[in-house]
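Shown next, in structure tokens, is the structure this report addresses.
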Amino acid sequence: MKKDLVFSETHEWVQWLSETEALVGISNYAAEQLGDIVYVDIDAEDVEVKDVLGEIESVKAVSNFYSPLTGDVVEVNQDIVDNPALINEDSENTWICKIANITDQVALLSKEDYEALEKE
Amino acid sequence: MSYVVTSDEERREMLREIGVSSIRELYKDVPKEVFLNSPLDIEAGKSEFEVVKDLRAKAGANTIFDATFRGAGSYRHFIPEVVKHLSAISGFVTSYTPYQAELAQGNLQSIFEYQTEICDLNDLDVSNASIYDGASAACEAMVMCLARNKDTVLVSKGVHPHYRAAIQAYAFGRDVDVKEIDLVDGLTPVDFLSEQDLSGVSSVIVQSPNFYGLIEDVETIAKLSAKKDAECIQIVNPISLGLLKTPGEMGVELACGEAQPLGLDQGFGGPYLGFIVSSKKYLRKIPGRIVGQTTDMNGKPSFVLTLQAREQHIRREKATSSICSNEAHSALRCAIYMGAMGQAGIQEVARRCFNNAHYAMQRIVELPGFSRKYNGEFFHEFVIRTEIDVDTINKLLKQNNIEGPFKLNDNEMLVCVTEAVSKKEIDAFITILEKGAK
Amino acid sequence: MSLIFEKSISKHRCTILPKQDIEDFQVDASLLRKSEVKLPEIAEVDLVRHYTNLSKKTFGVDNGFYPLGSCTMKYNPKVNETCASFPGFTDISPNSDAEDVQGALAVIYESDVALSEITGMDKMIFQPGAGAHGEFTGLLMIKKYHHERKDFKRDKVIVPDSAHGTNPASAAMTGFKVITIKSKNGIIDLDALDKVLDDTVAGLMLTNPNTLGLYDPGILEITKKVHDCGGLCYYDGANLNPIMGICKPGDMGFDCIHLNLHKTFSTPHGGGGPGVGAYGCKDFLVDYLPNPIVVKEKGAYHFKNVSHSVGKVTAFYGNFLILVRALSYIKHLGSTGLKEASESAVLNANYMMKKLKETYRVAFDTFCMHEFVLDLTSFKDEYGVKAIDVCKRIIDFEMHPPTMYFPLIVNEALMFEPTETEGKHTIDWAVDVMLQIAEEVKKGELDFSKTPFTTEIRRLNEVEAARNPIVKYEH
């Protein structure tokens, strides 16, 4: 069964695959703010919470992609590297990278709580 | 006269509309401590006629030599008249950066063509729309290669001393360690590289043809650098690429240099044109503006400034470079030059430079008291050792309105001969040297 | 229009070089280029037509009104072009001996003296290639200044949130951390400044008037606070146009500055450059300047190297032929003309702003200096029309759009800088255009997402250009 997404305050989402592995992506809100995404560059290998995983570029902006987890980046979604538009099409179903050996995380909110925060 | 258009009457009307009685009121936020109460201590304005007279006199106080044998980073070449004429068209001169693409397809297309020509000349894939000059281009290329654990840069002493001074300045800014490589017989010793531990080195910067005119073994240097995960950056004179092996052919992935020889006036040092050109690997790291091809909403092919997310106005402190205004007009001029000289012309110019310089060298070393320093092959510059001091030689040449070679020290000079010097002028130069030797 | 490469015809060329009179020398095959030199093959008449037709698809100050905020697109006097074309300037090498180029050195020296007086600095150089390069030079010198005094802990530079992107980018190039402070009512929030000032601050970068066109009345207090904590004050001279002959950055407490000669001093923008990032400083920083400087001794001009130079930022002395144009402008205007230019720039901007304020919302409802910012958020919220859509519509009227989306602290920003070289008649006309567009927005009959309507090339697909960049022609 597909686990529900949980969200950080800095607009990343986490989908737990197991206790120590998860997929991460960005929220609809973040994708909308960026506009049409043209390039994704994930170059971090091991990260701590709030470290920069990489950068997401749109035509008019570039944004740091912060890690909501402490662990190792074991895979980057090649589909979005080849076609970054996928993130705009369906940001909450498009993972950006997979993190394993997770030992720490930021405060993660349920979808309802995160959306309530955005409304403020 | 200040090119202010409004009449006194119109200005009064405008003040009324704004709701103030004088312009002084509009400056209300300027503290009285700084508000100037007396005029600036500079000369009163001159009429256009007087300005022209003043500057013409200054221009007249500079010597224009009939022939020059001095290069060292700035070169005299034939510039077709059409280059000056076309680049002076007002639409090219008075326009701004083509951010509003719908208004500026002419500017954008001319830059796209320039980018293509620089790529083709170097056998590489990505060029930017220009940077200030060759020295700053070398610096920006160096910065492109910096990485987290690689904050050392190796620079050959064959690189122009002014460029090395600029690299030191940029390195100081970024807390980068610069190690200079000593030359052997005027060339970068390749064994040095194969012996060196290059961990922590992000790039190896070499110039070819180098400051002493010699052609370096860039192919080997590039191979050795790549083996040790350091980028070989070649600083190259674009005219030489009409004859010599290109950076692309030699396995170099990042090249840069000074494009002044491509149709820009020597102009006492500027405006010149720095170019940076690379393989696709650096597409998103190359600094400065880049023009890309796209289509408009009706599918029409068109051009636009692209990958702007690299630049300072978007990235701000995360940008690798702060460059905003560039040398667009110089790039246009160089593109026109490359069109005017064309495929055949560039090759001819390069060939002539090579021939003229080798002829001159051959004749100089026949004279007693003159010998060649360094043995390697050269493009259009070479170093001569002389028993008479260089200042005396240059004084003699000056009396004949010839600009002598670049003085390296009292007894060594860097001689440059381009296609702009005729055989007759070379022979006259030799005659004067011969006289001087006696 | 086809590319020049598409017009190439085999063996066509422009014939340029004189007859060859020296035999070919042998070149070792291993050194020779083997790849084709894919440059154009085109006859002169076709080359001329190509570029003449390209020039028709450009829009310069010579074509129409160009109120680009922050760029100072003033008229480029033609007398400047005459002076910059003298062979005595174009045909001299930067490596010539000083005695052979006294006229060129005089240009540099006289420009130094005049601009030092205008700005209240003690020495000006012209080596930086543009404003951003001047900023880089200035920050290098500030870094060196602190290092020479063994003060290595100063690793921060303060910029306001209204700063031009080149400011933080230049700071990053010089290894500084950028501390951005929020503006209050468009100007520096003194409390916010106090909170960040300590002995780890190397300096403050500020432009005054700022990018909103506002003059900060607290400027003396600001520079004093920075000096009190041991930092230096850097002036971004991009906005000098309204204050020539009115006040000087040197009197405001700034230790070093850069000027954009291609803005304030009328040199042409050339499609994006070249400019000159003139850099000036007070006496105590002169020893750190890039080498060489030009001095006058015993009635003649000389190059001189300073003792603690940061090195060089370009190979020679800067964009000399551009400097000639600026000097020609300064000599033509003189002290009265420069002040008149500044005052008229301020008059024109306030006049235009007043006439637009009923219809458009101004970001800050106070007198402006040489430029003002409109906030088009209400257009976006009520009618779904964005600032970019309005700008593209302006193009249909053969006016160049203003600067859009800058400064970042104003939403849906449009920044207008008419400059002093526009007449009231032109400004009135431009105002009518803007009012007409506002009407069109409110009427809602035009699809603003598809503006401009009348240009040959319409809205471009920038997303595709960035996703799959094509940056050169494939032969």
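Here's how to read the names in the structure tokens: chain A, B, ... by the order shown, residue numbers from 1 in each chain, ligand numbers from 1 in the order shown.
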
Closest contacts (range 255-353 of chain B/range 41-65 of chain A, max 9 Å, only C-alpha atoms) as a Markdown table:
| residue | atom | partner | partner_atom | distance |
| --- | --- | --- | --- | --- |
| B:Thr306 | CA | A:Val59 | CA | 8.0 |
| B:Leu307 | CA | A:Val59 | CA | 7.0 |
| B:Gln308 | CA | A:Val59 | CA | 6.8 |
| B:Ala309 | CA | A:Ala61 | CA | 5.8 |
| B:Arg310 | CA | A:Val62 | CA | 8.3 |
| B:Ile314 | CA | A:Ala61 | CA | 5.8 |
| B:Arg315 | CA | A:Val62 | CA | 6.5 |

Neighbours of Arg174 in chain B within 12 Å (only C-alpha atoms; same-chain residues fewer than 3 positions away dropped), as a PDB file with N, CA and C atoms, in the first residue's frame?
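Dumped everything to around12.pdb:
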ATOM      1  N   CYS B 139      40.066  33.767 -15.793  1.00  0.00           N
ATOM      2  CA  CYS B 139      39.676  33.719 -14.381  1.00  0.00           C
ATOM      3  C   CYS B 139      38.320  33.055 -14.201  1.00  0.00           C
ATOM      4  N   GLU B 140      37.361  33.440 -15.034  1.00  0.00           N
ATOM      5  CA  GLU B 140      36.025  32.856 -14.927  1.00  0.00           C
ATOM      6  C   GLU B 140      36.073  31.370 -15.252  1.00  0.00           C
ATOM      7  N   MET B 142      38.582  29.409 -14.673  1.00  0.00           N
ATOM      8  CA  MET B 142      39.141  28.802 -13.466  1.00  0.00           C
ATOM      9  C   MET B 142      38.039  28.596 -12.416  1.00  0.00           C
ATOM     10  N   VAL B 143      37.217  29.614 -12.220  1.00  0.00           N
ATOM     11  CA  VAL B 143      36.156  29.539 -11.209  1.00  0.00           C
ATOM     12  C   VAL B 143      35.153  28.432 -11.535  1.00  0.00           C
ATOM     13  N   MET B 144      34.878  28.246 -12.823  1.00  0.00           N
ATOM     14  CA  MET B 144      33.924  27.209 -13.243  1.00  0.00           C
ATOM     15  C   MET B 144      34.344  25.833 -12.751  1.00  0.00           C
ATOM     16  N   LEU B 146      36.198  25.094 -10.007  1.00  0.00           N
ATOM     17  CA  LEU B 146      36.412  24.920  -8.570  1.00  0.00           C
ATOM     18  C   LEU B 146      35.366  23.980  -8.004  1.00  0.00           C
ATOM     19  N   ALA B 147      35.761  23.159  -7.062  1.00  0.00           N
ATOM     20  CA  ALA B 147      34.818  22.237  -6.442  1.00  0.00           C
ATOM     21  C   ALA B 147      35.177  22.147  -4.972  1.00  0.00           C
ATOM     22  N   ARG B 148      34.331  21.464  -4.225  1.00  0.00           N
ATOM     23  CA  ARG B 148      34.480  21.465  -2.778  1.00  0.00           C
ATOM     24  C   ARG B 148      35.875  21.114  -2.274  1.00  0.00           C
ATOM     25  N   LYS B 150      38.578  20.842  -4.145  1.00  0.00           N
ATOM     26  CA  LYS B 150      39.581  21.167  -5.148  1.00  0.00           C
ATOM     27  C   LYS B 150      39.737  22.677  -5.227  1.00  0.00           C
ATOM     28  N   ASP B 151      40.578  23.190  -4.330  1.00  0.00           N
ATOM     29  CA  ASP B 151      40.730  24.642  -4.331  1.00  0.00           C
ATOM     30  C   ASP B 151      42.151  25.056  -4.650  1.00  0.00           C
ATOM     31  N   THR B 152      42.824  24.224  -5.425  1.00  0.00           N
ATOM     32  CA  THR B 152      44.158  24.590  -5.912  1.00  0.00           C
ATOM     33  C   THR B 152      44.101  24.667  -7.423  1.00  0.00           C
ATOM     34  N   VAL B 153      44.853  25.591  -7.965  1.00  0.00           N
ATOM     35  CA  VAL B 153      44.905  25.778  -9.412  1.00  0.00           C
ATOM     36  C   VAL B 153      46.372  25.806  -9.834  1.00  0.00           C
ATOM     37  N   ILE B 167      44.484  36.188 -12.433  1.00  0.00           N
ATOM     38  CA  ILE B 167      44.167  34.914 -11.791  1.00  0.00           C
ATOM     39  C   ILE B 167      44.473  34.994 -10.294  1.00  0.00           C
ATOM     40  N   GLN B 168      45.580  35.639  -9.946  1.00  0.00           N
ATOM     41  CA  GLN B 168      45.918  35.825  -8.520  1.00  0.00           C
ATOM     42  C   GLN B 168      44.823  36.633  -7.818  1.00  0.00           C
ATOM     43  N   ALA B 169      44.330  37.671  -8.486  1.00  0.00           N
ATOM     44  CA  ALA B 169      43.293  38.511  -7.872  1.00  0.00           C
ATOM     45  C   ALA B 169      42.022  37.708  -7.634  1.00  0.00           C
ATOM     46  N   TYR B 170      41.556  36.977  -8.645  1.00  0.00           N
ATOM     47  CA  TYR B 170      40.347  36.178  -8.501  1.00  0.00           C
ATOM     48  C   TYR B 170      40.561  35.066  -7.468  1.00  0.00           C
ATOM     49  N   ALA B 171      41.757  34.512  -7.440  1.00  0.00           N
ATOM     50  CA  ALA B 171      42.057  33.443  -6.487  1.00  0.00           C
ATOM     51  C   ALA B 171      42.026  33.984  -5.065  1.00  0.00           C
ATOM     52  N   ASP B 177      44.215  28.495  -3.894  1.00  0.00           N
ATOM     53  CA  ASP B 177      45.665  28.438  -3.893  1.00  0.00           C
ATOM     54  C   ASP B 177      46.178  28.340  -5.323  1.00  0.00           C
ATOM     55  N   VAL B 178      47.020  29.291  -5.729  1.00  0.00           N
ATOM     56  CA  VAL B 178      47.556  29.230  -7.094  1.00  0.00           C
ATOM     57  C   VAL B 178      49.009  28.780  -7.048  1.00  0.00           C
ATOM     58  N   THR B 320      27.865  31.945 -10.025  1.00  0.00           N
ATOM     59  CA  THR B 320      29.323  31.748 -10.033  1.00  0.00           C
ATOM     60  C   THR B 320      30.023  33.018 -10.485  1.00  0.00           C
ATOM     61  N   SER B 321      29.277  33.895 -11.138  1.00  0.00           N
ATOM     62  CA  SER B 321      29.881  35.132 -11.608  1.00  0.00           C
ATOM     63  C   SER B 321      28.896  36.270 -11.428  1.00  0.00           C
TER      64      SER B 321
ATOM     65  N   PHE C 136      33.297  43.902  -7.878  1.00  0.00           N
ATOM     66  CA  PHE C 136      34.241  42.835  -7.568  1.00  0.00           C
ATOM     67  C   PHE C 136      35.585  43.434  -7.159  1.00  0.00           C
ATOM     68  N   LEU C 139      35.359  45.042  -3.695  1.00  0.00           N
ATOM     69  CA  LEU C 139      35.289  44.077  -2.590  1.00  0.00           C
ATOM     70  C   LEU C 139      36.634  43.386  -2.390  1.00  0.00           C
ATOM     71  N   LEU C 140      37.357  43.135  -3.476  1.00  0.00           N
ATOM     72  CA  LEU C 140      38.708  42.569  -3.358  1.00  0.00           C
ATOM     73  C   LEU C 140      39.580  43.512  -2.537  1.00  0.00           C
ATOM     74  N   LYS C 143      38.649  43.467   1.091  1.00  0.00           N
ATOM     75  CA  LYS C 143      39.186  42.241   1.701  1.00  0.00           C
ATOM     76  C   LYS C 143      40.673  42.412   1.990  1.00  0.00           C
ATOM     77  N   ASP C 155      34.195  38.482   7.597  1.00  0.00           N
ATOM     78  CA  ASP C 155      33.833  37.683   6.436  1.00  0.00           C
ATOM     79  C   ASP C 155      32.430  37.978   5.927  1.00  0.00           C
ATOM     80  N   SER C 170      28.804  39.616  -6.533  1.00  0.00           N
ATOM     81  CA  SER C 170      30.186  40.094  -6.425  1.00  0.00           C
ATOM     82  C   SER C 170      30.751  39.765  -5.048  1.00  0.00           C
ATOM     83  N   ALA C 171      29.907  39.869  -4.018  1.00  0.00           N
ATOM     84  CA  ALA C 171      30.368  39.545  -2.664  1.00  0.00           C
ATOM     85  C   ALA C 171      30.738  38.073  -2.583  1.00  0.00           C
ATOM     86  N   ALA C 172      29.931  37.221  -3.191  1.00  0.00           N
ATOM     87  CA  ALA C 172      30.225  35.782  -3.178  1.00  0.00           C
ATOM     88  C   ALA C 172      31.515  35.484  -3.930  1.00  0.00           C
ATOM     89  N   MET C 173      31.784  36.223  -4.999  1.00  0.00           N
ATOM     90  CA  MET C 173      33.012  36.025  -5.788  1.00  0.00           C
ATOM     91  C   MET C 173      34.246  36.376  -4.975  1.00  0.00           C
ATOM     92  N   THR C 174      34.063  37.176  -3.927  1.00  0.00           N
ATOM     93  CA  THR C 174      35.204  37.576  -3.122  1.00  0.00           C
ATOM     94  C   THR C 174      35.189  36.871  -1.781  1.00  0.00           C
ATOM     95  N   GLY C 175      34.450  35.770  -1.719  1.00  0.00           N
ATOM     96  CA  GLY C 175      34.506  34.923  -0.535  1.00  0.00           C
ATOM     97  C   GLY C 175      33.763  35.463   0.668  1.00  0.00           C
ATOM     98  N   PHE C 176      32.911  36.471   0.475  1.00  0.00           N
ATOM     99  CA  PHE C 176      32.175  37.008   1.610  1.00  0.00           C
ATOM    100  C   PHE C 176      30.829  36.330   1.751  1.00  0.00           C
ATOM    101  N   LYS C 177      30.352  36.249   2.999  1.00  0.00           N
ATOM    102  CA  LYS C 177      28.976  35.810   3.256  1.00  0.00           C
ATOM    103  C   LYS C 177      28.109  37.051   3.087  1.00  0.00           C
TER     104      LYS C 177
END

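Among A:Asp113, A:Glu12, A:Glu21, A:Asp82, the residue with the shortest atom-to-atom distance to Pro68 in chain A, counting only C-alpha atoms, is A:Glu12.
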
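For range 321-332 of chain C, the set of protein, DNA and RNA residues having any atom at most 7 Å away, when counting only C-alpha atoms and skipping those fewer than 2 positions along the same chain, is Met1, Gly45, Lys46, Ser47, Glu48, Val51, Gly267, Gly270 and Pro271 of chain B; Asn80, Glu81, Cys83, Ala84, Val107, Ser111, Leu261, Phe265, Ser266, Thr267, Gly275, Val276, Asn319 and Gly334 of chain C.
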
Spatial neighbours of Asp391 in chain B, max dist 8 Å, only C-alpha atoms, sep filter under 4 positions, as an MDAnalysis selection string: chainID B and resid 395 407 410

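Rounded to one decimal, CA of Ile99 in chain A and CA of Glu75 in chain A lie 7.3 Å from each other.
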
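Here CA of Ala30 in chain A is placed at a distance of 6.0 Å from CA of His11 in chain A.
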
Those in range 3-159 of chain B with strand (DSSP E or B) from DSSP, as JSON, numbers by chain: {"B": [44, 62, 67, 68, 95, 126, 127, 131, 147, 150, 152, 153, 154, 155, 156]}

Prev. selection, C-alpha atoms, output as a short mmCIF file (atom, residue, chain, number, x, y, z; two decimals), in the first residue's frame:
data_model
loop_
_atom_site.label_atom_id
_atom_site.label_comp_id
_atom_site.auth_asym_id
_atom_site.auth_seq_id
_atom_site.Cartn_x
_atom_site.Cartn_y
_atom_site.Cartn_z
CA ALA B 44 32.81 74.63 -17.74
CA ASN B 62 49.86 59.50 -29.58
CA ALA B 67 54.70 49.13 -38.74
CA THR B 68 54.78 47.36 -35.40
CA SER B 95 20.29 49.09 -28.06
CA VAL B 126 29.07 25.88 -25.95
CA SER B 127 30.10 29.51 -25.98
CA ILE B 131 33.07 38.35 -21.12
CA ALA B 147 34.82 22.24 -6.44
CA LYS B 150 39.58 21.17 -5.15
CA THR B 152 44.16 24.59 -5.91
CA VAL B 153 44.90 25.78 -9.41
CA LEU B 154 48.07 25.15 -11.43
CA VAL B 155 49.06 27.93 -13.78
CA SER B 156 51.87 27.66 -16.29
#

Listing only residues of chain C within 8 Å of chain A, what is the closest atom pair and its distance in Å (to one decimal) for each, using only C-alpha atoms, sorted by chain and residue number ascending, as a tab-separated table?
residue	atom	partner	partner_atom	distance
C:Glu462	CA	A:Val59	CA	7.0
C:Val463	CA	A:Val59	CA	6.1
C:Glu464	CA	A:Val38	CA	7.9
C:Ala466	CA	A:Val38	CA	5.8
C:Arg467	CA	A:Val38	CA	4.6

Output N, CA and C atoms for every residue in the selection just made, as a PDB file, in the first residue's frame.
ATOM      1  N   GLU C 462      10.272  30.181 -23.756  1.00  0.00           N
ATOM      2  CA  GLU C 462      11.525  30.225 -22.990  1.00  0.00           C
ATOM      3  C   GLU C 462      11.755  28.932 -22.217  1.00  0.00           C
ATOM      4  N   VAL C 463      10.670  28.252 -21.889  1.00  0.00           N
ATOM      5  CA  VAL C 463      10.801  27.003 -21.123  1.00  0.00           C
ATOM      6  C   VAL C 463      11.543  25.967 -21.960  1.00  0.00           C
ATOM      7  N   GLU C 464      11.134  25.831 -23.196  1.00  0.00           N
ATOM      8  CA  GLU C 464      11.783  24.883 -24.090  1.00  0.00           C
ATOM      9  C   GLU C 464      13.250  25.261 -24.305  1.00  0.00           C
ATOM     10  N   ALA C 466      15.189  26.639 -22.262  1.00  0.00           N
ATOM     11  CA  ALA C 466      15.985  26.313 -21.081  1.00  0.00           C
ATOM     12  C   ALA C 466      16.053  24.814 -20.835  1.00  0.00           C
ATOM     13  N   ARG C 467      14.995  24.087 -21.225  1.00  0.00           N
ATOM     14  CA  ARG C 467      15.013  22.631 -21.006  1.00  0.00           C
ATOM     15  C   ARG C 467      15.928  21.947 -22.005  1.00  0.00           C
TER      16      ARG C 467
END

Range 43-194 of chain B: residues DSSP assigns to helix (DSSP H, G or I), reported as JSON, numbers by chain: {"B": [48, 49, 50, 51, 52, 53, 54, 55, 56, 57, 58, 59, 60, 81, 82, 83, 84, 85, 86, 87, 90, 91, 92, 93, 101, 102, 103, 105, 106, 107, 108, 109, 110, 111, 112, 113, 114, 115, 116, 117, 118, 119, 120, 121, 122, 134, 135, 136, 137, 138, 139, 140, 141, 142, 143, 144, 145, 161, 162, 163, 164, 165, 166, 167, 168, 169, 170, 171, 172, 173, 174, 190, 191, 192, 193, 194]}

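Using only C-alpha atoms, the residues found no farther than 9 Å from Val27 in chain C, other than those of its own chain fewer than 5 positions away, are B:Phe354, B:Glu377, C:Leu32.
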
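The coordinates place CA of Ile364 in chain B at 9.8 Å from CA of Ile426 in chain B.
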
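Proximity to Ile96 in chain A was assessed for A:Leu108, A:Val14, A:Leu69, A:Leu117 counting only C-alpha atoms; the smallest distance is recorded for A:Val14.
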